[in-house]
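This is upload.txt (compact mmCIF, C-alpha atoms).
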# COMPACT_ATOMS: atom_id res chain seq x y z
CA MET D 1 4.89 -12.40 -27.88
CA GLY D 2 1.71 -13.04 -25.99
CA GLN D 3 3.65 -14.53 -23.10
CA ASN D 4 1.65 -15.00 -19.95
CA TYR D 5 2.65 -15.35 -16.34
CA THR D 6 1.25 -18.38 -14.56
CA PRO D 7 -0.72 -17.26 -11.52
CA THR D 8 0.23 -19.00 -8.28
CA ALA D 9 -1.98 -19.43 -5.24
CA ARG D 10 -0.39 -16.21 -4.03
CA THR D 11 -0.78 -14.09 -7.16
CA ARG D 12 -4.16 -15.32 -8.38
CA VAL D 13 -6.50 -12.34 -8.11
CA VAL D 14 -9.23 -13.23 -5.63
CA ARG D 15 -11.59 -10.24 -5.75
CA GLU D 16 -12.95 -8.91 -9.02
CA ALA D 17 -11.12 -11.66 -10.90
CA GLU D 18 -12.34 -10.23 -14.22
CA ARG D 19 -9.85 -7.40 -13.68
CA ALA D 20 -6.89 -9.77 -13.48
CA VAL D 21 -4.13 -9.49 -16.07
CA TYR D 22 -1.31 -12.02 -16.39
CA ASP D 23 -0.12 -10.90 -19.83
CA ARG D 24 3.59 -10.07 -19.84
CA ASP D 25 3.40 -7.07 -22.19
CA ALA D 26 0.55 -5.51 -20.22
CA VAL D 27 2.43 -6.00 -16.95
CA CYS D 28 5.59 -4.47 -18.43
CA ARG D 29 3.71 -1.44 -19.76
CA ILE D 30 2.40 -0.71 -16.27
CA LEU D 31 5.84 -1.19 -14.73
CA ASP D 32 7.35 1.09 -17.37
CA GLU D 33 4.85 3.90 -16.87
CA GLY D 34 5.36 3.86 -13.10
CA PHE D 35 8.58 4.76 -11.32
CA VAL D 36 7.59 4.66 -7.63
CA CYS D 37 6.76 1.31 -6.05
CA HIS D 38 5.65 0.31 -2.59
CA VAL D 39 7.88 -2.40 -1.12
CA GLY D 40 6.39 -4.62 1.55
CA PHE D 41 8.51 -6.68 3.92
CA VAL D 42 8.08 -8.27 7.34
CA ILE D 43 9.93 -7.78 10.60
CA ASP D 44 8.83 -9.79 13.63
CA GLY D 45 5.45 -10.48 12.04
CA GLN D 46 4.82 -6.77 11.42
CA PRO D 47 4.42 -5.69 7.78
CA PHE D 48 6.18 -2.55 6.59
CA VAL D 49 5.39 -0.74 3.34
CA ILE D 50 7.90 1.81 2.05
CA PRO D 51 7.76 3.86 -1.16
CA THR D 52 10.86 3.99 -3.31
CA GLY D 53 12.03 4.38 -6.88
CA TYR D 54 12.54 1.42 -9.15
CA GLY D 55 13.45 0.48 -12.69
CA ARG D 56 12.70 -2.47 -14.93
CA ALA D 57 15.41 -4.19 -16.92
CA GLY D 58 13.90 -7.06 -18.89
CA ASP D 59 12.41 -9.51 -16.43
CA ARG D 60 14.02 -7.94 -13.41
CA LEU D 61 13.11 -5.07 -11.12
CA TYR D 62 15.83 -2.95 -9.56
CA ILE D 63 14.59 -1.26 -6.43
CA HIS D 64 16.34 1.66 -4.84
CA GLY D 65 17.37 0.74 -1.35
CA SER D 66 16.82 4.02 0.43
CA ALA D 67 14.04 2.01 2.05
CA ALA D 68 16.33 -0.89 2.74
CA SER D 69 18.05 -0.07 5.98
CA ARG D 70 15.22 -1.31 8.16
CA MET D 71 14.54 -4.13 5.75
CA LEU D 72 18.10 -5.40 5.57
CA ARG D 73 19.27 -4.63 9.06
CA ASN D 74 19.89 -7.82 11.02
CA LEU D 75 18.81 -9.81 8.03
CA GLN D 76 20.67 -11.83 5.52
CA ARG D 77 21.13 -10.10 2.19
CA SER D 78 17.91 -11.46 0.74
CA VAL D 79 14.37 -10.98 1.96
CA PRO D 80 10.82 -11.96 0.93
CA VAL D 81 9.10 -8.89 -0.49
CA CYS D 82 6.00 -7.74 -2.26
CA VAL D 83 6.54 -4.90 -4.71
CA THR D 84 3.42 -3.08 -5.84
CA VAL D 85 3.13 -0.43 -8.54
CA THR D 86 -0.13 1.48 -8.87
CA LEU D 87 -1.25 3.96 -11.52
CA VAL D 88 -4.48 5.78 -10.69
CA ASP D 89 -6.39 6.76 -13.84
CA GLY D 90 -9.62 8.19 -12.51
CA LEU D 91 -12.55 8.28 -10.15
CA VAL D 92 -15.59 6.35 -11.33
CA LEU D 93 -18.87 7.98 -10.33
CA ALA D 94 -21.74 5.50 -10.43
CA ARG D 95 -25.39 6.12 -9.55
CA SER D 96 -25.14 4.00 -6.44
CA ILE D 97 -22.50 4.51 -3.78
CA PHE D 98 -21.84 0.77 -3.94
CA ASN D 99 -20.76 0.85 -7.59
CA HIS D 100 -18.39 3.78 -7.21
CA SER D 101 -14.91 2.71 -8.14
CA MET D 102 -11.55 3.85 -9.43
CA ASN D 103 -9.90 3.32 -12.76
CA TYR D 104 -6.41 2.06 -12.12
CA ARG D 105 -3.67 -0.29 -13.25
CA SER D 106 -1.61 -2.09 -10.65
CA VAL D 107 1.07 -4.77 -10.61
CA VAL D 108 2.02 -6.97 -7.68
CA VAL D 109 5.36 -8.81 -7.79
CA LEU D 110 6.17 -11.38 -5.11
CA GLY D 111 9.54 -12.94 -4.52
CA THR D 112 12.86 -12.80 -2.77
CA ALA D 113 14.81 -9.61 -3.28
CA ARG D 114 18.55 -9.77 -2.97
CA ALA D 115 20.95 -6.89 -2.56
CA VAL D 116 23.16 -6.41 -5.59
CA GLU D 117 26.72 -6.76 -4.28
CA ASP D 118 29.04 -6.93 -7.28
CA PRO D 119 30.23 -3.35 -8.04
CA ALA D 120 29.94 -3.71 -11.82
CA GLU D 121 26.47 -5.22 -11.58
CA LYS D 122 25.46 -2.55 -9.08
CA LEU D 123 26.64 0.25 -11.36
CA GLU D 124 24.69 -1.24 -14.27
CA ALA D 125 21.60 -1.74 -12.06
CA LEU D 126 21.81 1.88 -10.94
CA ARG D 127 22.11 3.00 -14.56
CA ARG D 128 19.02 0.99 -15.53
CA LEU D 129 17.11 2.40 -12.56
CA SER D 130 18.17 5.96 -13.44
CA GLU D 131 17.29 5.53 -17.12
CA HIS D 132 13.91 4.07 -16.14
CA ILE D 133 13.03 7.11 -14.05
CA LEU D 134 14.57 9.79 -16.26
CA PRO D 135 15.92 8.59 -19.61
CA GLY D 136 18.91 10.61 -20.78
CA ARG D 137 19.97 11.85 -17.37
CA TRP D 138 22.64 9.26 -16.62
CA ALA D 139 25.02 10.44 -19.35
CA GLU D 140 24.79 14.07 -18.20
CA SER D 141 25.46 13.53 -14.51
CA ARG D 142 28.63 13.06 -12.54
CA PRO D 143 28.85 9.26 -12.25
CA PRO D 144 28.98 7.49 -8.89
CA ASN D 145 32.44 7.04 -7.38
CA GLU D 146 33.48 3.92 -5.54
CA GLN D 147 32.44 5.21 -2.13
CA GLU D 148 29.01 6.35 -3.33
CA LEU D 149 28.44 3.05 -5.07
CA LYS D 150 29.25 1.28 -1.81
CA ALA D 151 26.75 3.48 0.02
CA THR D 152 24.01 2.74 -2.48
CA VAL D 153 21.72 -0.21 -1.89
CA ILE D 154 19.99 -1.74 -4.89
CA LEU D 155 17.67 -4.70 -4.56
CA SER D 156 17.12 -7.05 -7.44
CA LEU D 157 13.84 -8.94 -7.84
CA PRO D 158 12.92 -11.29 -10.70
CA ILE D 159 9.56 -10.55 -12.31
CA THR D 160 8.22 -14.09 -12.26
CA GLU D 161 5.49 -14.41 -9.62
CA VAL D 162 3.38 -11.49 -10.71
CA SER D 163 -0.15 -10.36 -11.43
CA ALA D 164 -1.76 -7.17 -12.58
CA LYS D 165 -5.20 -5.77 -11.98
CA VAL D 166 -6.81 -3.26 -14.31
CA ARG D 167 -10.09 -1.36 -14.22
CA GLN D 168 -10.91 1.11 -17.00
CA GLY D 169 -14.03 2.63 -18.48
CA PRO D 170 -17.38 4.00 -17.36
CA PRO D 171 -19.32 3.13 -14.22
CA LEU D 172 -21.26 -0.12 -14.21
CA ASP D 173 -24.51 0.29 -12.35
CA ASP D 174 -27.26 -2.13 -11.49
CA ALA D 175 -29.96 -2.08 -14.19
CA GLU D 176 -32.55 -0.44 -11.93
CA ASP D 177 -30.18 2.38 -10.96
CA TYR D 178 -29.65 3.88 -14.41
CA ALA D 179 -32.75 6.03 -13.95
CA PHE D 180 -31.40 7.49 -10.70
CA PRO D 181 -31.13 11.26 -11.34
CA THR D 182 -27.46 11.93 -10.71
CA TRP D 183 -24.52 12.68 -12.97
CA ALA D 184 -22.46 9.57 -13.72
CA GLY D 185 -19.12 9.21 -15.41
CA VAL D 186 -15.40 9.37 -14.83
CA ILE D 187 -13.11 12.07 -13.48
CA PRO D 188 -9.83 11.27 -15.26
CA LEU D 189 -6.65 11.70 -13.26
CA GLN D 190 -3.08 11.79 -14.38
CA THR D 191 0.35 12.69 -13.14
CA VAL D 192 1.76 15.60 -15.09
CA ALA D 193 5.10 17.34 -15.03
CA GLY D 194 5.26 21.11 -14.60
CA GLU D 195 7.83 23.58 -15.84
CA PRO D 196 11.30 22.51 -14.60
CA ILE D 197 12.56 24.66 -11.71
CA ARG D 198 16.22 25.53 -12.08
CA ASP D 199 18.35 25.24 -8.96
CA GLN D 200 19.45 28.76 -7.95
CA ARG D 201 23.01 27.52 -8.06
CA SER D 202 22.67 26.17 -11.62
CA ASP D 203 24.37 28.23 -14.34
CA PRO D 204 21.58 29.97 -16.38
CA ALA D 205 23.69 29.46 -19.51
CA ILE D 206 22.98 25.72 -19.32
CA PRO D 207 19.70 25.08 -21.17
CA VAL D 208 16.94 22.97 -19.66
CA PRO D 209 17.48 19.52 -21.18
CA ALA D 210 14.79 18.03 -23.40
CA TYR D 211 14.23 15.12 -21.01
CA ALA D 212 13.30 17.62 -18.29
CA ARG D 213 11.24 19.98 -20.46
CA GLY D 214 9.07 17.29 -21.98
CA TYR D 215 8.94 14.87 -19.08
CA SER D 216 6.16 12.33 -19.38
CA ARG D 217 5.64 8.75 -18.22
CA LYS D 218 3.45 7.95 -21.22
CA ARG D 219 5.74 5.88 -23.37
CA GLY D 220 5.59 2.47 -24.91
CA ALA D 221 7.09 -0.57 -23.22
CA GLU D 222 10.59 -1.28 -24.51
CA MET Y 1 -2.38 22.31 18.41
CA GLY Y 2 1.22 21.37 17.76
CA GLN Y 3 0.48 17.81 18.85
CA ASN Y 4 3.20 15.32 18.05
CA TYR Y 5 3.15 11.58 17.66
CA THR Y 6 5.68 9.71 19.74
CA PRO Y 7 7.89 7.60 17.49
CA THR Y 8 8.23 3.97 18.49
CA ALA Y 9 11.07 1.63 17.61
CA ARG Y 10 8.93 0.68 14.61
CA THR Y 11 8.03 4.15 13.34
CA ARG Y 12 11.26 5.98 14.08
CA VAL Y 13 12.69 6.97 10.71
CA VAL Y 14 16.03 5.22 10.29
CA ARG Y 15 17.37 6.56 7.00
CA GLU Y 16 17.56 10.29 6.29
CA ALA Y 17 16.21 11.00 9.74
CA GLU Y 18 16.21 14.74 9.00
CA ARG Y 19 13.22 14.09 6.75
CA ALA Y 20 11.14 12.64 9.57
CA VAL Y 21 7.91 14.35 10.59
CA TYR Y 22 5.92 13.37 13.66
CA ASP Y 23 3.73 16.50 13.77
CA ARG Y 24 0.03 15.64 13.78
CA ASP Y 25 -1.15 18.48 11.53
CA ALA Y 26 1.52 17.72 8.94
CA VAL Y 27 0.61 14.03 8.97
CA CYS Y 28 -3.09 14.83 8.59
CA ARG Y 29 -2.47 17.19 5.67
CA ILE Y 30 -0.68 14.41 3.80
CA LEU Y 31 -3.42 11.91 4.61
CA ASP Y 32 -6.06 14.41 3.48
CA GLU Y 33 -4.39 15.17 0.17
CA GLY Y 34 -4.03 11.47 -0.65
CA PHE Y 35 -6.90 9.06 -1.23
CA VAL Y 36 -5.13 5.85 -2.32
CA CYS Y 37 -3.07 3.95 0.22
CA HIS Y 38 -0.99 0.81 0.03
CA VAL Y 39 -2.00 -1.71 2.69
CA GLY Y 40 0.61 -4.23 3.77
CA PHE Y 41 -0.29 -7.45 5.55
CA VAL Y 42 1.32 -10.85 6.08
CA ILE Y 43 0.17 -14.35 5.18
CA ASP Y 44 2.43 -17.28 6.06
CA GLY Y 45 5.42 -14.96 6.35
CA GLN Y 46 4.85 -13.49 2.89
CA PRO Y 47 4.11 -9.75 2.73
CA PHE Y 48 1.33 -8.51 0.46
CA VAL Y 49 0.84 -4.88 -0.57
CA ILE Y 50 -2.48 -3.89 -2.09
CA PRO Y 51 -3.65 -0.43 -3.22
CA THR Y 52 -7.05 0.75 -2.10
CA GLY Y 53 -9.05 3.87 -1.28
CA TYR Y 54 -9.19 5.30 2.20
CA GLY Y 55 -10.56 8.18 4.20
CA ARG Y 56 -9.53 9.93 7.37
CA ALA Y 57 -12.02 10.72 10.11
CA GLY Y 58 -10.24 12.42 12.98
CA ASP Y 59 -7.62 10.06 14.32
CA ARG Y 60 -8.90 7.08 12.42
CA LEU Y 61 -8.35 5.73 8.93
CA TYR Y 62 -11.14 3.91 7.14
CA ILE Y 63 -9.75 1.63 4.47
CA HIS Y 64 -11.84 0.20 1.69
CA GLY Y 65 -11.79 -3.54 1.89
CA SER Y 66 -11.77 -4.43 -1.79
CA ALA Y 67 -8.26 -5.57 -0.91
CA ALA Y 68 -9.45 -7.40 2.13
CA SER Y 69 -10.57 -10.79 0.90
CA ARG Y 70 -7.09 -12.29 0.88
CA MET Y 71 -6.22 -10.37 4.00
CA LEU Y 72 -9.23 -11.44 6.03
CA ARG Y 73 -9.77 -14.90 4.64
CA ASN Y 74 -9.04 -17.54 7.27
CA LEU Y 75 -8.12 -14.82 9.67
CA GLN Y 76 -9.81 -13.38 12.64
CA ARG Y 77 -11.49 -10.02 11.99
CA SER Y 78 -8.43 -8.02 12.94
CA VAL Y 79 -5.00 -8.08 11.38
CA PRO Y 80 -1.63 -6.30 11.79
CA VAL Y 81 -1.18 -3.89 8.91
CA CYS Y 82 1.00 -1.14 7.60
CA VAL Y 83 -0.83 1.57 5.67
CA THR Y 84 1.34 3.85 3.56
CA VAL Y 85 0.26 6.99 1.71
CA THR Y 86 2.71 8.57 -0.73
CA LEU Y 87 2.48 11.86 -2.62
CA VAL Y 88 5.18 12.32 -5.25
CA ASP Y 89 5.99 16.00 -5.79
CA GLY Y 90 8.90 15.94 -8.18
CA LEU Y 91 12.13 14.56 -9.53
CA VAL Y 92 15.25 16.15 -8.09
CA LEU Y 93 18.09 16.44 -10.59
CA ALA Y 94 21.44 16.85 -8.87
CA ARG Y 95 24.86 17.17 -10.50
CA SER Y 96 25.90 13.75 -9.25
CA ILE Y 97 23.88 10.60 -9.83
CA PHE Y 98 24.29 9.86 -6.13
CA ASN Y 99 22.45 13.01 -5.03
CA HIS Y 100 19.49 12.56 -7.34
CA SER Y 101 16.34 12.26 -5.32
CA MET Y 102 12.59 12.75 -5.33
CA ASN Y 103 10.47 15.32 -3.61
CA TYR Y 104 7.69 13.49 -1.81
CA ARG Y 105 5.54 13.33 1.28
CA SER Y 106 4.69 9.97 2.77
CA VAL Y 107 2.94 8.67 5.87
CA VAL Y 108 3.31 5.21 7.40
CA VAL Y 109 0.68 4.04 9.89
CA LEU Y 110 1.22 0.79 11.79
CA GLY Y 111 -1.35 -1.00 13.84
CA THR Y 112 -4.10 -3.54 13.99
CA ALA Y 113 -6.93 -3.00 11.56
CA ARG Y 114 -10.31 -4.38 12.43
CA ALA Y 115 -13.26 -4.89 10.17
CA VAL Y 116 -16.15 -2.54 10.98
CA GLU Y 117 -19.08 -4.85 11.77
CA ASP Y 118 -21.87 -2.69 13.21
CA PRO Y 119 -24.14 -1.61 10.30
CA ALA Y 120 -24.61 1.96 11.54
CA GLU Y 121 -20.88 2.38 12.13
CA LYS Y 122 -20.16 0.83 8.75
CA LEU Y 123 -22.52 3.20 6.98
CA GLU Y 124 -20.92 6.18 8.68
CA ALA Y 125 -17.42 4.87 7.91
CA LEU Y 126 -18.38 4.44 4.28
CA ARG Y 127 -19.76 7.99 4.20
CA ARG Y 128 -16.53 9.38 5.68
CA LEU Y 129 -14.49 7.39 3.17
CA SER Y 130 -16.65 8.60 0.28
CA GLU Y 131 -16.52 12.23 1.44
CA HIS Y 132 -12.74 11.97 1.81
CA ILE Y 133 -12.31 10.85 -1.78
CA LEU Y 134 -14.99 13.00 -3.39
CA PRO Y 135 -16.66 15.56 -1.10
CA GLY Y 136 -20.26 16.20 -2.03
CA ARG Y 137 -20.85 12.96 -3.87
CA TRP Y 138 -22.46 10.98 -1.04
CA ALA Y 139 -25.62 13.11 -0.92
CA GLU Y 140 -26.17 12.81 -4.68
CA SER Y 141 -25.83 9.02 -4.97
CA ARG Y 142 -28.21 6.20 -4.35
CA PRO Y 143 -27.32 5.14 -0.78
CA PRO Y 144 -26.20 1.61 0.05
CA ASN Y 145 -28.95 -0.87 0.85
CA GLU Y 146 -28.67 -3.49 3.53
CA GLN Y 147 -27.29 -6.15 1.22
CA GLU Y 148 -24.68 -3.85 -0.31
CA LEU Y 149 -23.61 -2.70 3.12
CA LYS Y 150 -23.16 -6.32 4.13
CA ALA Y 151 -21.02 -6.94 1.02
CA THR Y 152 -18.81 -3.94 1.78
CA VAL Y 153 -15.71 -4.44 3.88
CA ILE Y 154 -14.33 -1.42 5.71
CA LEU Y 155 -11.27 -1.65 7.88
CA SER Y 156 -10.72 0.75 10.73
CA LEU Y 157 -7.22 1.69 11.89
CA PRO Y 158 -6.34 4.18 14.63
CA ILE Y 159 -3.75 6.78 13.62
CA THR Y 160 -1.49 6.43 16.63
CA GLU Y 161 1.71 4.62 15.66
CA VAL Y 162 2.64 6.82 12.74
CA SER Y 163 5.46 8.70 11.08
CA ALA Y 164 5.83 10.85 8.01
CA LYS Y 165 8.77 11.52 5.78
CA VAL Y 166 9.07 14.65 3.67
CA ARG Y 167 11.63 15.84 1.14
CA GLN Y 168 11.09 19.15 -0.65
CA GLY Y 169 13.25 21.72 -2.36
CA PRO Y 170 16.23 21.85 -4.70
CA PRO Y 171 18.99 19.27 -5.13
CA LEU Y 172 21.73 19.20 -2.52
CA ASP Y 173 25.07 18.42 -4.09
CA ASP Y 174 28.50 17.92 -2.65
CA ALA Y 175 30.42 21.22 -2.60
CA GLU Y 176 32.89 20.14 -5.29
CA ASP Y 177 30.09 19.10 -7.67
CA TYR Y 178 28.41 22.50 -8.08
CA ALA Y 179 30.80 23.33 -10.90
CA PHE Y 180 29.85 20.17 -12.83
CA PRO Y 181 28.41 21.44 -16.14
CA THR Y 182 24.92 19.94 -16.11
CA TRP Y 183 21.47 21.39 -15.58
CA ALA Y 184 20.24 20.94 -12.00
CA GLY Y 185 16.86 21.52 -10.50
CA VAL Y 186 13.46 19.96 -9.97
CA ILE Y 187 10.85 18.57 -12.36
CA PRO Y 188 7.64 19.19 -10.41
CA LEU Y 189 4.98 16.48 -10.63
CA GLN Y 190 1.37 16.58 -9.64
CA THR Y 191 -1.83 14.63 -10.05
CA VAL Y 192 -4.38 16.62 -11.97
CA ALA Y 193 -7.97 15.96 -12.90
CA GLY Y 194 -9.07 16.25 -16.51
CA GLU Y 195 -12.44 17.17 -17.96
CA PRO Y 196 -15.11 14.82 -16.52
CA ILE Y 197 -16.25 12.17 -19.00
CA ARG Y 198 -20.00 11.65 -18.93
CA ASP Y 199 -21.21 8.06 -18.98
CA GLN Y 200 -23.00 7.49 -22.30
CA ARG Y 201 -26.02 6.36 -20.33
CA SER Y 202 -26.10 9.54 -18.22
CA ASP Y 203 -28.89 12.02 -19.07
CA PRO Y 204 -27.21 15.04 -20.78
CA ALA Y 205 -29.73 17.31 -19.03
CA ILE Y 206 -27.96 16.62 -15.73
CA PRO Y 207 -25.13 19.14 -15.37
CA VAL Y 208 -21.63 18.09 -14.37
CA PRO Y 209 -21.51 18.70 -10.63
CA ALA Y 210 -19.05 21.25 -9.27
CA TYR Y 211 -17.20 18.60 -7.24
CA ALA Y 212 -16.44 16.78 -10.52
CA ARG Y 213 -15.64 19.87 -12.62
CA GLY Y 214 -13.20 21.39 -10.18
CA TYR Y 215 -11.76 18.22 -8.68
CA SER Y 216 -8.52 18.79 -6.82
CA ARG Y 217 -6.77 17.16 -3.89
CA LYS Y 218 -5.18 20.46 -2.85
CA ARG Y 219 -7.20 21.44 0.16
CA GLY Y 220 -6.41 22.24 3.72
CA ALA Y 221 -6.64 19.67 6.47
CA GLU Y 222 -10.02 19.77 8.15

Let me see whether you can do it: turn the structure in this file into structure tokens.
Amino acid sequence: MGQNYTPTARTRVVREAERAVYDRDAVCRILDEGFVCHVGFVIDGQPFVIPTGYGRAGDRLYIHGSAASRMLRNLQRSVPVCVTVTLVDGLVLARSIFNHSMNYRSVVVLGTARAVEDPAEKLEALRRLSEHILPGRWAESRPPNEQELKATVILSLPITEVSAKVRQGPPLDDAEDYAFPTWAGVIPLQTVAGEPIRDQRSDPAIPVPAYARGYSRKRGAE
Amino acid sequence: MGQNYTPTARTRVVREAERAVYDRDAVCRILDEGFVCHVGFVIDGQPFVIPTGYGRAGDRLYIHGSAASRMLRNLQRSVPVCVTVTLVDGLVLARSIFNHSMNYRSVVVLGTARAVEDPAEKLEALRRLSEHILPGRWAESRPPNEQELKATVILSLPITEVSAKVRQGPPLDDAEDYAFPTWAGVIPLQTVAGEPIRDQRSDPAIPVPAYARGYSRKRGAE
């Protein structure tokens, strides 16, 4: 309850520090609403940023390793990463160009990701990742066999060195700009799910499951 | 017409190479539909990934530097970056857990970003960035003054070392799994704009502009 992360020199928000959030519940809510992260890693001094799916399980992120081949190739099985999750909530239209902004919520997690090696732990990590992205689906799918599990890379990253940044609400203009004759406000943006599209090879007698019909990321943190 | 980027050892897609796209028009369409990128950079061997707004102007990306303070602090005015733009189009529900996937389009641009210093170039870069995110808004806003322009950081990155990765369409299952009795298909996802929310301090006599009412990222590449 009310637990806070301690910002380090690396996670302390430098710009617009009033937007910084170190509250654990707030961080977890952002991580739970998102399901795609951007993983940053370094090879020969060059940064790489790759999008991939992830799941949260308590104070741990499980990151799908489809991005991992380049990251893990020629490397030991652990690697310094930055994992960033961003939810874009709207465009903020101010009177001045300078005060235009976006409403967003983002989380940055720094640390050393390690590949999950133990088969039982990997299966459980994969289940948590799957349930994070699409709750209910795991139990209705053909589970991974030994070979598939071997071919799957899951990275595990503790959520300890972490910060969030949040901007919400109307534009904030300089006092003398409020009289400027232009519309000002917010264009809200959200990610919405459309009608599920049945695979042509899927038996029409099988109903669309509830978790697909009513898909939404808006749920409380668990 | 039909121009292709030449993949380098760093941009050649390693995993799922059949999803790789090096076609210039396809890359530009993805960059034009997106407006938030994730910028990766390195400090003391640690990768950082920060979300920020961007715009495309021809073969150049202009990246808003709200993320730049940590990136540029103590550094020269140019820095190796990776800029990644990701559009998530849907969840792909296969019969097997292993063949679950996402439909997405992503672009990765590598290179050296430099801060735009010349005031005239910076103003034009800012205009291109603004028009990329919200076409029509620039002309109806109070333009940046000299001080604001000085306080704005814009990074410029040539779109030369670049690759895209695209997955679309239904799930692809192993032959023996098609009989598995579960629903299979795609949950389409898209980012949609809601009804614009007028700032309480905005004069109700000013109508909501068309670019705010009908906001959509679905437009052709220019």

Using all atoms listed in the file, pick whichever of D:Asn4, D:Pro143, D:Ile159, D:Met102 has the shortest atom-to-atom distance to Leu172 of chain D.
D:Met102

Show me, as a PyMOL selection string, the residues that have an atom within 7 Å of segment 83-91 of chain Y when counting only C-alpha atoms, minus same-chain residues fewer than 5 positions from it.
(chain D and resi 49+51) or (chain Y and resi 31+34+36-40+101-110+186-190)

Find the residues of chain D that sit at most 7 Å from chain Y; for each, write down the nearest two atoms and how far apart they are in Å, to one decimal. Count all atoms listed in the file. Sort by chain, then by number going up, and give it as JSON lines.
{"residue": "D:Val14", "atom": "CA", "partner": "Y:Arg70", "partner_atom": "CA", "distance": 6.9}
{"residue": "D:Arg15", "atom": "CA", "partner": "Y:Ser69", "partner_atom": "CA", "distance": 6.8}
{"residue": "D:Gly40", "atom": "CA", "partner": "Y:Pro47", "partner_atom": "CA", "distance": 5.7}
{"residue": "D:Phe41", "atom": "CA", "partner": "Y:Pro47", "partner_atom": "CA", "distance": 5.5}
{"residue": "D:Val42", "atom": "CA", "partner": "Y:Pro47", "partner_atom": "CA", "distance": 6.3}
{"residue": "D:Gln46", "atom": "CA", "partner": "Y:Pro80", "partner_atom": "CA", "distance": 6.5}
{"residue": "D:Pro47", "atom": "CA", "partner": "Y:Phe41", "partner_atom": "CA", "distance": 5.5}
{"residue": "D:Phe48", "atom": "CA", "partner": "Y:Cys82", "partner_atom": "CA", "distance": 5.5}
{"residue": "D:Val49", "atom": "CA", "partner": "Y:Gly40", "partner_atom": "CA", "distance": 5.9}
{"residue": "D:Pro51", "atom": "CA", "partner": "Y:Thr86", "partner_atom": "CA", "distance": 6.9}
{"residue": "D:Ser69", "atom": "CA", "partner": "Y:Arg15", "partner_atom": "CA", "distance": 6.7}
{"residue": "D:Arg70", "atom": "CA", "partner": "Y:Val14", "partner_atom": "CA", "distance": 6.9}
{"residue": "D:Pro80", "atom": "CA", "partner": "Y:Gln46", "partner_atom": "CA", "distance": 6.5}
{"residue": "D:Val81", "atom": "CA", "partner": "Y:Pro47", "partner_atom": "CA", "distance": 6.0}
{"residue": "D:Cys82", "atom": "CA", "partner": "Y:Phe48", "partner_atom": "CA", "distance": 5.5}
{"residue": "D:Thr84", "atom": "CA", "partner": "Y:Val49", "partner_atom": "CA", "distance": 6.1}
{"residue": "D:Thr86", "atom": "CA", "partner": "Y:Pro51", "partner_atom": "CA", "distance": 6.9}
{"residue": "D:Arg95", "atom": "CA", "partner": "Y:Ser141", "partner_atom": "CA", "distance": 5.4}
{"residue": "D:Ser96", "atom": "CA", "partner": "Y:Arg142", "partner_atom": "CA", "distance": 4.3}
{"residue": "D:Ile97", "atom": "CA", "partner": "Y:Pro143", "partner_atom": "CA", "distance": 5.7}
{"residue": "D:Phe98", "atom": "CA", "partner": "Y:Pro144", "partner_atom": "CA", "distance": 6.0}
{"residue": "D:Glu140", "atom": "CA", "partner": "Y:Thr182", "partner_atom": "CA", "distance": 6.2}
{"residue": "D:Ser141", "atom": "CA", "partner": "Y:Ser96", "partner_atom": "CA", "distance": 5.3}
{"residue": "D:Arg142", "atom": "CA", "partner": "Y:Ser96", "partner_atom": "CA", "distance": 4.3}
{"residue": "D:Pro143", "atom": "CA", "partner": "Y:Ile97", "partner_atom": "CA", "distance": 5.7}
{"residue": "D:Pro144", "atom": "CA", "partner": "Y:Phe98", "partner_atom": "CA", "distance": 5.9}
{"residue": "D:Glu148", "atom": "CA", "partner": "Y:Phe98", "partner_atom": "CA", "distance": 6.5}
{"residue": "D:Pro170", "atom": "CA", "partner": "Y:Asp199", "partner_atom": "CA", "distance": 5.8}
{"residue": "D:Thr182", "atom": "CA", "partner": "Y:Glu140", "partner_atom": "CA", "distance": 6.2}
{"residue": "D:Trp183", "atom": "CA", "partner": "Y:Ile206", "partner_atom": "CA", "distance": 5.9}
{"residue": "D:Ala184", "atom": "CA", "partner": "Y:Asp199", "partner_atom": "CA", "distance": 5.6}
{"residue": "D:Gly185", "atom": "CA", "partner": "Y:Asp199", "partner_atom": "CA", "distance": 4.3}
{"residue": "D:Val186", "atom": "CA", "partner": "Y:Ile197", "partner_atom": "CA", "distance": 5.1}
{"residue": "D:Ile187", "atom": "CA", "partner": "Y:Pro196", "partner_atom": "CA", "distance": 4.6}
{"residue": "D:Pro188", "atom": "CA", "partner": "Y:Gly194", "partner_atom": "CA", "distance": 5.2}
{"residue": "D:Leu189", "atom": "CA", "partner": "Y:Ala193", "partner_atom": "CA", "distance": 4.5}
{"residue": "D:Gln190", "atom": "CA", "partner": "Y:Thr191", "partner_atom": "CA", "distance": 5.3}
{"residue": "D:Thr191", "atom": "CA", "partner": "Y:Thr191", "partner_atom": "CA", "distance": 4.3}
{"residue": "D:Val192", "atom": "CA", "partner": "Y:Gln190", "partner_atom": "CA", "distance": 5.6}
{"residue": "D:Ala193", "atom": "CA", "partner": "Y:Leu189", "partner_atom": "CA", "distance": 4.5}
{"residue": "D:Gly194", "atom": "CA", "partner": "Y:Pro188", "partner_atom": "CA", "distance": 5.2}
{"residue": "D:Glu195", "atom": "CA", "partner": "Y:Ile187", "partner_atom": "CA", "distance": 6.8}
{"residue": "D:Pro196", "atom": "CA", "partner": "Y:Ile187", "partner_atom": "CA", "distance": 4.6}
{"residue": "D:Ile197", "atom": "CA", "partner": "Y:Val186", "partner_atom": "CA", "distance": 5.1}
{"residue": "D:Arg198", "atom": "CA", "partner": "Y:Gly185", "partner_atom": "CA", "distance": 4.4}
{"residue": "D:Asp199", "atom": "CA", "partner": "Y:Gly185", "partner_atom": "CA", "distance": 4.3}
{"residue": "D:Ser202", "atom": "CA", "partner": "Y:Ala184", "partner_atom": "CA", "distance": 5.8}
{"residue": "D:Ile206", "atom": "CA", "partner": "Y:Trp183", "partner_atom": "CA", "distance": 5.9}
{"residue": "D:Pro207", "atom": "CA", "partner": "Y:Trp183", "partner_atom": "CA", "distance": 6.9}
{"residue": "D:Val208", "atom": "CA", "partner": "Y:Trp183", "partner_atom": "CA", "distance": 6.3}
{"residue": "D:Ala212", "atom": "CA", "partner": "Y:Ile187", "partner_atom": "CA", "distance": 6.5}
